[in-house]
>>> print(open('input20.tsv').read())   # TSV, C-alpha atoms
chain	number	residue	atom	x	y	z
A	202	ALA	CA	0.00	0.00	0.00
A	203	LYS	CA	1.19	3.50	-0.75
A	204	CYS	CA	-0.30	4.74	2.54
A	205	GLY	CA	-1.44	3.31	5.85
A	206	MET	CA	-3.82	5.09	8.22
A	207	ILE	CA	-4.07	4.65	12.00
A	208	PHE	CA	-7.64	5.58	12.94
A	209	PHE	CA	-8.88	6.61	16.40
A	210	PRO	CA	-12.67	6.14	16.98
A	211	GLY	CA	-14.90	8.69	18.68
A	212	ALA	CA	-15.67	8.43	22.39
A	213	LEU	CA	-18.27	5.81	23.31
A	214	VAL	CA	-18.36	4.55	19.72
A	215	ASP	CA	-17.56	0.87	19.13
A	216	ARG	CA	-14.65	0.59	16.74
A	217	THR	CA	-16.60	-1.86	14.56
A	218	ALA	CA	-18.96	1.01	13.64
A	219	TYR	CA	-16.19	2.30	11.38
A	220	ALA	CA	-15.76	-0.95	9.47
A	221	PRO	CA	-17.96	0.07	6.48
A	222	ILE	CA	-16.23	3.40	5.84
A	223	ALA	CA	-12.81	1.86	6.52
A	224	SER	CA	-13.60	-0.74	3.87
A	225	LYS	CA	-14.45	2.02	1.39
A	226	ILE	CA	-11.14	3.76	2.08
A	227	SER	CA	-9.21	0.50	1.76
A	228	ASP	CA	-10.79	-0.06	-1.66
A	229	PHE	CA	-8.70	2.90	-2.85
A	230	GLY	CA	-5.51	1.14	-1.73
A	231	VAL	CA	-5.09	2.55	1.79
A	232	LEU	CA	-4.31	0.16	4.66
A	233	VAL	CA	-6.66	1.16	7.51
A	234	VAL	CA	-5.91	0.22	11.12
A	235	ILE	CA	-8.64	1.03	13.66
A	236	ALA	CA	-7.32	1.55	17.19
A	237	ASN	CA	-8.82	-0.26	20.16
A	238	HIS	CA	-8.83	2.28	22.98
A	239	GLU	CA	-12.12	1.28	24.57
A	240	LYS	CA	-10.63	1.05	28.06
A	241	TYR	CA	-10.01	4.78	27.77
A	242	SER	CA	-12.92	6.05	25.69
A	243	ARG	CA	-15.64	3.99	27.35
A	244	CYS	CA	-14.93	5.76	30.64
A	245	MET	CA	-13.95	9.08	29.05
A	246	LEU	CA	-10.61	8.81	30.82
A	247	ASP	CA	-7.79	11.26	30.23
A	248	PHE	CA	-5.03	9.99	27.97
A	249	LYS	CA	-2.20	11.16	30.24
A	250	ASN	CA	-1.07	7.56	30.71
A	251	PHE	CA	-1.52	6.59	27.07
A	252	LYS	CA	1.84	5.80	25.47
A	253	TYR	CA	1.12	7.29	22.08
A	254	LYS	CA	4.24	6.33	20.16
A	255	GLU	CA	4.45	2.86	21.68
A	256	GLU	CA	0.80	2.09	20.91
A	257	ILE	CA	0.96	3.49	17.37
A	258	MET	CA	4.13	1.57	16.56
A	259	ARG	CA	2.55	-1.62	17.91
A	260	MET	CA	-0.55	-1.13	15.73
A	261	MET	CA	1.62	-0.52	12.69
A	262	TYR	CA	3.67	-3.65	13.37
A	263	ASP	CA	0.58	-5.80	13.99
A	264	ALA	CA	-1.05	-4.56	10.78
A	265	LEU	CA	2.02	-5.12	8.64
A	266	CYS	CA	2.50	-8.66	9.90
A	267	SER	CA	-1.16	-9.74	9.86
A	268	SER	CA	-1.33	-10.87	6.23
A	269	SER	CA	-1.38	-14.63	5.74
A	270	SER	CA	0.42	-14.18	2.42
A	271	GLY	CA	3.34	-12.24	3.86
A	272	ALA	CA	4.06	-8.87	5.38
A	273	TRP	CA	2.39	-5.75	3.99
A	274	GLN	CA	4.53	-2.98	2.56
A	275	VAL	CA	3.47	0.61	3.39
A	276	ASP	CA	5.32	3.63	2.03
A	277	GLU	CA	3.80	6.28	4.30
A	278	TRP	CA	1.68	6.38	7.47
A	279	ALA	CA	-0.91	8.92	8.59
A	280	LEU	CA	-3.11	9.50	11.64
A	281	CYS	CA	-6.87	9.97	11.52
A	282	GLY	CA	-9.62	10.34	14.09
A	283	HIS	CA	-13.32	11.07	14.49
A	284	SER	CA	-14.50	13.58	17.09
A	285	TRP	CA	-12.76	12.74	20.40
A	286	GLY	CA	-10.57	10.34	18.43
A	287	GLY	CA	-9.53	13.29	16.29
A	288	SER	CA	-8.27	15.04	19.40
A	289	ILE	CA	-6.26	11.93	20.26
A	290	ALA	CA	-4.77	11.95	16.76
A	291	ILE	CA	-3.79	15.62	17.15
A	292	VAL	CA	-2.10	15.00	20.51
A	293	ALA	CA	-0.29	11.92	19.20
A	294	MET	CA	0.97	13.83	16.19
A	295	ALA	CA	2.05	16.90	18.16
A	296	LYS	CA	3.69	15.01	21.03
A	297	GLU	CA	5.29	12.03	19.35
A	298	MET	CA	4.77	11.42	15.66
A	299	SER	CA	5.28	14.66	13.68
A	300	SER	CA	8.90	13.82	12.87
A	301	THR	CA	7.89	10.65	11.01
A	302	MET	CA	4.27	11.28	9.94
A	303	LYS	CA	3.17	14.29	7.89
A	304	LYS	CA	-0.54	13.72	7.25
A	305	LEU	CA	-3.43	14.12	9.68
A	306	VAL	CA	-7.13	13.58	8.92
A	307	LEU	CA	-9.82	14.91	11.26
A	308	TRP	CA	-13.51	13.99	10.97
A	309	GLY	CA	-16.07	16.04	12.89
A	310	VAL	CA	-13.48	18.13	14.74
A	311	SER	CA	-13.52	21.92	15.25
A	312	SER	CA	-11.48	22.49	18.43
A	313	TYR	CA	-7.90	21.85	19.54
A	314	PRO	CA	-7.16	19.54	22.51
A	315	SER	CA	-7.35	21.49	25.76
A	316	GLU	CA	-5.39	21.31	29.02
A	317	VAL	CA	-8.52	20.04	30.77
A	318	SER	CA	-9.17	17.14	28.42
A	319	HIS	CA	-5.62	16.13	27.61
A	320	SER	CA	-3.32	16.89	30.57
A	321	GLY	CA	-1.67	20.10	29.52
A	322	GLY	CA	-2.89	20.03	25.94
A	323	CYS	CA	-0.28	19.76	23.22
A	324	ASP	CA	1.99	21.83	21.04
A	325	SER	CA	0.79	23.61	17.94
A	326	LEU	CA	1.19	21.94	14.54
A	327	ARG	CA	1.29	25.33	12.85
A	328	ASP	CA	4.99	25.42	12.09
A	329	VAL	CA	5.71	21.70	11.61
A	330	LYS	CA	7.37	21.55	8.20
A	331	GLY	CA	5.53	19.45	5.64
A	332	MET	CA	2.51	18.79	7.90
A	333	ASN	CA	-0.71	18.55	5.88
A	334	VAL	CA	-4.12	18.30	7.53
A	335	LEU	CA	-7.54	17.42	6.13
A	336	VAL	CA	-10.62	18.46	8.14
A	337	LEU	CA	-13.93	16.91	7.05
A	338	CYS	CA	-17.18	17.98	8.73
A	339	GLY	CA	-20.86	17.62	7.89
A	340	SER	CA	-22.86	20.82	7.41
A	341	ASN	CA	-25.46	19.52	9.90
A	342	ASP	CA	-22.95	18.39	12.54
A	343	SER	CA	-24.20	19.89	15.83
A	344	TYR	CA	-21.04	18.91	17.69
A	345	VAL	CA	-18.86	20.85	15.24
A	346	LYS	CA	-21.20	23.85	15.30
A	347	LEU	CA	-20.87	23.99	19.10
A	348	ASN	CA	-17.24	25.12	18.67
A	349	GLY	CA	-17.58	26.37	15.11
A	350	PRO	CA	-16.85	29.65	13.33
A	351	GLY	CA	-17.17	32.69	15.55
A	352	THR	CA	-16.08	30.91	18.74
A	353	GLU	CA	-12.74	31.24	20.56
A	354	LYS	CA	-12.15	27.49	20.37
A	355	TYR	CA	-12.55	27.50	16.61
A	356	GLU	CA	-10.14	30.41	16.19
A	357	GLU	CA	-7.60	28.57	18.37
A	358	PHE	CA	-8.18	25.42	16.30
A	359	LEU	CA	-7.32	27.22	13.07
A	360	ALA	CA	-4.39	29.05	14.62
A	361	LYS	CA	-2.72	25.83	15.79
A	362	LEU	CA	-3.13	23.91	12.53
A	363	PRO	CA	-1.02	24.59	9.42
A	364	PRO	CA	-2.23	27.60	7.38
A	365	MET	CA	-5.57	27.15	5.64
A	366	LYS	CA	-5.42	26.59	1.90
A	367	GLU	CA	-7.83	29.19	0.58
A	368	GLU	CA	-7.60	28.66	-3.16
A	369	LYS	CA	-9.25	25.87	-5.12
A	370	MET	CA	-8.55	22.62	-3.38
A	371	LYS	CA	-5.58	20.68	-4.67
A	372	PHE	CA	-3.89	18.16	-2.45
A	373	VAL	CA	-0.14	18.74	-2.24
A	374	CYS	CA	2.27	15.81	-2.56
A	375	ASP	CA	5.59	17.65	-2.37
A	376	ASP	CA	7.41	16.63	0.83
A	377	GLY	CA	9.32	19.91	0.75
A	378	SER	CA	6.16	22.02	1.05
A	379	PRO	CA	5.59	24.05	4.23
A	380	GLY	CA	2.30	22.25	4.79
A	381	CYS	CA	-1.31	23.41	4.88
A	382	THR	CA	-4.81	22.60	6.10
A	383	TYR	CA	-7.69	21.63	3.81
A	384	GLN	CA	-11.16	22.13	5.28
A	385	ILE	CA	-14.06	20.55	3.41
A	386	THR	CA	-17.74	20.52	4.32
A	387	ILE	CA	-19.92	17.54	3.43
A	388	GLU	CA	-23.22	19.22	2.57
A	389	GLY	CA	-26.09	17.47	4.33
A	390	GLY	CA	-23.80	15.33	6.49
A	391	ASN	CA	-23.80	15.09	10.28
A	392	HIS	CA	-21.59	13.86	13.14
A	393	ALA	CA	-22.85	10.28	13.41
A	394	GLY	CA	-22.61	9.93	9.64
A	395	CYS	CA	-18.88	9.30	9.99
A	396	ALA	CA	-19.69	5.76	11.14
A	397	HIS	CA	-22.53	3.26	11.51
A	398	TYR	CA	-24.10	4.17	14.85
A	399	GLY	CA	-26.56	6.66	16.22
A	400	PRO	CA	-28.47	8.68	16.72
A	401	GLN	CA	-25.80	10.83	18.37
A	402	MET	CA	-27.21	12.35	21.59
A	403	TYR	CA	-24.06	13.19	23.60
A	404	PRO	CA	-22.85	15.83	24.40
A	405	LEU	CA	-25.87	17.23	22.51
A	406	PRO	CA	-28.33	15.94	19.92
A	407	ASP	CA	-26.80	15.69	16.47
A	408	GLY	CA	-28.29	17.47	13.46
A	409	GLN	CA	-30.32	15.54	10.92
A	410	ARG	CA	-28.63	14.28	7.77
A	411	THR	CA	-30.23	15.48	4.53
A	412	ILE	CA	-28.21	12.98	2.51
A	413	THR	CA	-28.05	9.23	3.03
A	414	LEU	CA	-25.46	7.59	5.25
A	415	GLU	CA	-24.09	5.88	2.15
A	416	GLU	CA	-23.72	9.22	0.34
A	417	GLN	CA	-21.92	10.86	3.26
A	418	GLN	CA	-19.49	8.01	3.78
A	419	THR	CA	-18.79	7.61	0.06
A	420	GLN	CA	-17.80	11.29	-0.13
A	421	MET	CA	-15.72	11.11	3.05
A	422	ALA	CA	-13.94	7.93	1.99
A	423	LYS	CA	-12.97	9.32	-1.41
A	424	LEU	CA	-11.76	12.66	-0.02
A	425	THR	CA	-9.76	10.91	2.69
A	426	ALA	CA	-8.16	8.50	0.22
A	427	ASP	CA	-7.47	11.27	-2.31
A	428	PHE	CA	-5.73	13.29	0.39
A	429	LEU	CA	-3.65	10.37	1.64
A	430	LEU	CA	-2.71	9.23	-1.85
A	431	CYS	CA	-2.34	12.79	-3.23
A	432	ASP	CA	-4.88	12.07	-5.95
A	433	VAL	CA	-6.11	15.42	-7.27
>>> encode(input="input20.tsv", output="structure tokens")
Amino acid sequence: AKCGMIFFPGALVDRTAYAPIASKISDFGVLVVIANHEKYSRCMLDFKNFKYKEEIMRMMYDALCSSSSGAWQVDEWALCGHSWGGSIAIVAMAKEMSSTMKKLVLWGVSSYPSEVSHSGGCDSLRDVKGMNVLVLCGSNDSYVKLNGPGTEKYEEFLAKLPPMKEEKMKFVCDDGSPGCTYQITIEGGNHAGCAHYGPQMYPLPDGQRTITLEEQQTQMAKLTADFLLCDV
């Protein structure tokens, strides 16, 4: 595979709920590894004792050696997460992985990890050379709107990510680039539409999708794969 993706599920969401969209992404040639952090997320525990690098390296090793026909070959790895899992991916990248990984995908995320939720928060990714970030959110995502445009948390979120790419979207493949953030809205999508579960009621009721679950996940899978594989 040209790219492998370590994926962190949202809080209180069973990791198997992401199997359908993970399968769609893998159809494009991306190796998807869904993390099992239920002992943390089920209790909403802080990740201060989570050994990010150790756990990520273990998942990568397990994935590469799991094939019955021989070890997988992956050219590049990326981190991805949905909602609370997106915050975990940000912290992991900022604290441990930014020297070896340069792509981060966030689904349903509009705020940066705080000191309260992640033991001192984490460093900014703004000036990490070559760091590219894709942010995908549904237009009817109530969780994203809670900390969306016009709020302090949203302004902090943008300020700590690589600069926003304002012009017509074109995913950059050049490793020597300074890095940027792509923010794309899935029209008619919502928070729970990132996986097969729902309805989302915590921490507030989710908005209603005006497109089908299949439509939302097909769009998200293609955009995610295009970003990871630099397919413009």
>>> residues_around(input="input20.tsv", residues="range 287-303 of chain A", least_positions_apart="2", cutoff="7 Å", atoms="all atoms listed in the file", output="list of chain:residue names")
A:Phe209, A:Tyr253, A:Lys254, A:Trp278, A:Ala279, A:Leu280, A:Cys281, A:Gly282, A:His283, A:Ser284, A:Trp285, A:Leu305, A:Leu307, A:Trp308, A:Val310, A:Tyr313, A:Pro314, A:Cys323, A:Asp324, A:Ser325, A:Leu326, A:Gly331, A:Met332, A:Asn333
>>> atom_distance(input="input20.tsv", atom1="CA of Arg216 in chain A", atom2="CA of Cys395 in chain A")
11.8 Å
>>> residues_near_point(input="input20.tsv", point="(-5.2, 3.4, 4.0)", cutoff="6 Å", atoms="all atoms listed in the file", output="list in words")
Cys204, Gly205, Met206, Ser227, Val231, Leu232 and Val233 of chain A
>>> closest_residue(input="input20.tsv", among="A:Ala212, A:Met258, A:Ser315, A:Val336", to="Lys354 in chain A", atoms="all atoms listed in the file")
A:Ser315
>>> axis_aligned_box(input="input20.tsv", around="range 386-404 of chain A", padding_each_side="6 Å", output="lines of an AutoDock Vina configuration file")
center_x = -23.1
center_y = 11.9
center_z = 13.5
size_x = 22.7
size_y = 29.3
size_z = 33.8
>>> atom_distance(input="input20.tsv", atom1="CA of Asn341 in chain A", atom2="CA of Cys431 in chain A")
27.4 Å
>>> residues_around(input="input20.tsv", residues="range 349-351 of chain A", least_positions_apart="6", cutoff="10 Å", atoms="all atoms listed in the file", output="list in words")
Val310, Ser311, Ser312, Asp342, Ser343, Phe358 and Leu359 of chain A
>>> residues_around(input="input20.tsv", residues="Lys366 in chain A", least_positions_apart="5", cutoff="9 Å", atoms="all atoms listed in the file", output="PyMOL selection string")
chain A and resi 371+381-384
>>> residues_around(input="input20.tsv", residues="Ala422 in chain A", least_positions_apart="5", cutoff="9 Å", atoms="all atoms listed in the file", output="list in words")
Ile222, Ala223, Ser224, Lys225, Ile226, Ser227, Phe229, Gln417 and Asp427 of chain A
>>> atom_distance(input="input20.tsv", atom1="CA of Ile387 in chain A", atom2="CA of Asn237 in chain A")
26.8 Å
>>> closest_residue(input="input20.tsv", among="A:Glu256, A:Glu388, A:Asp228, A:Asp215", to="Thr425 in chain A", atoms="all atoms listed in the file")
A:Asp228
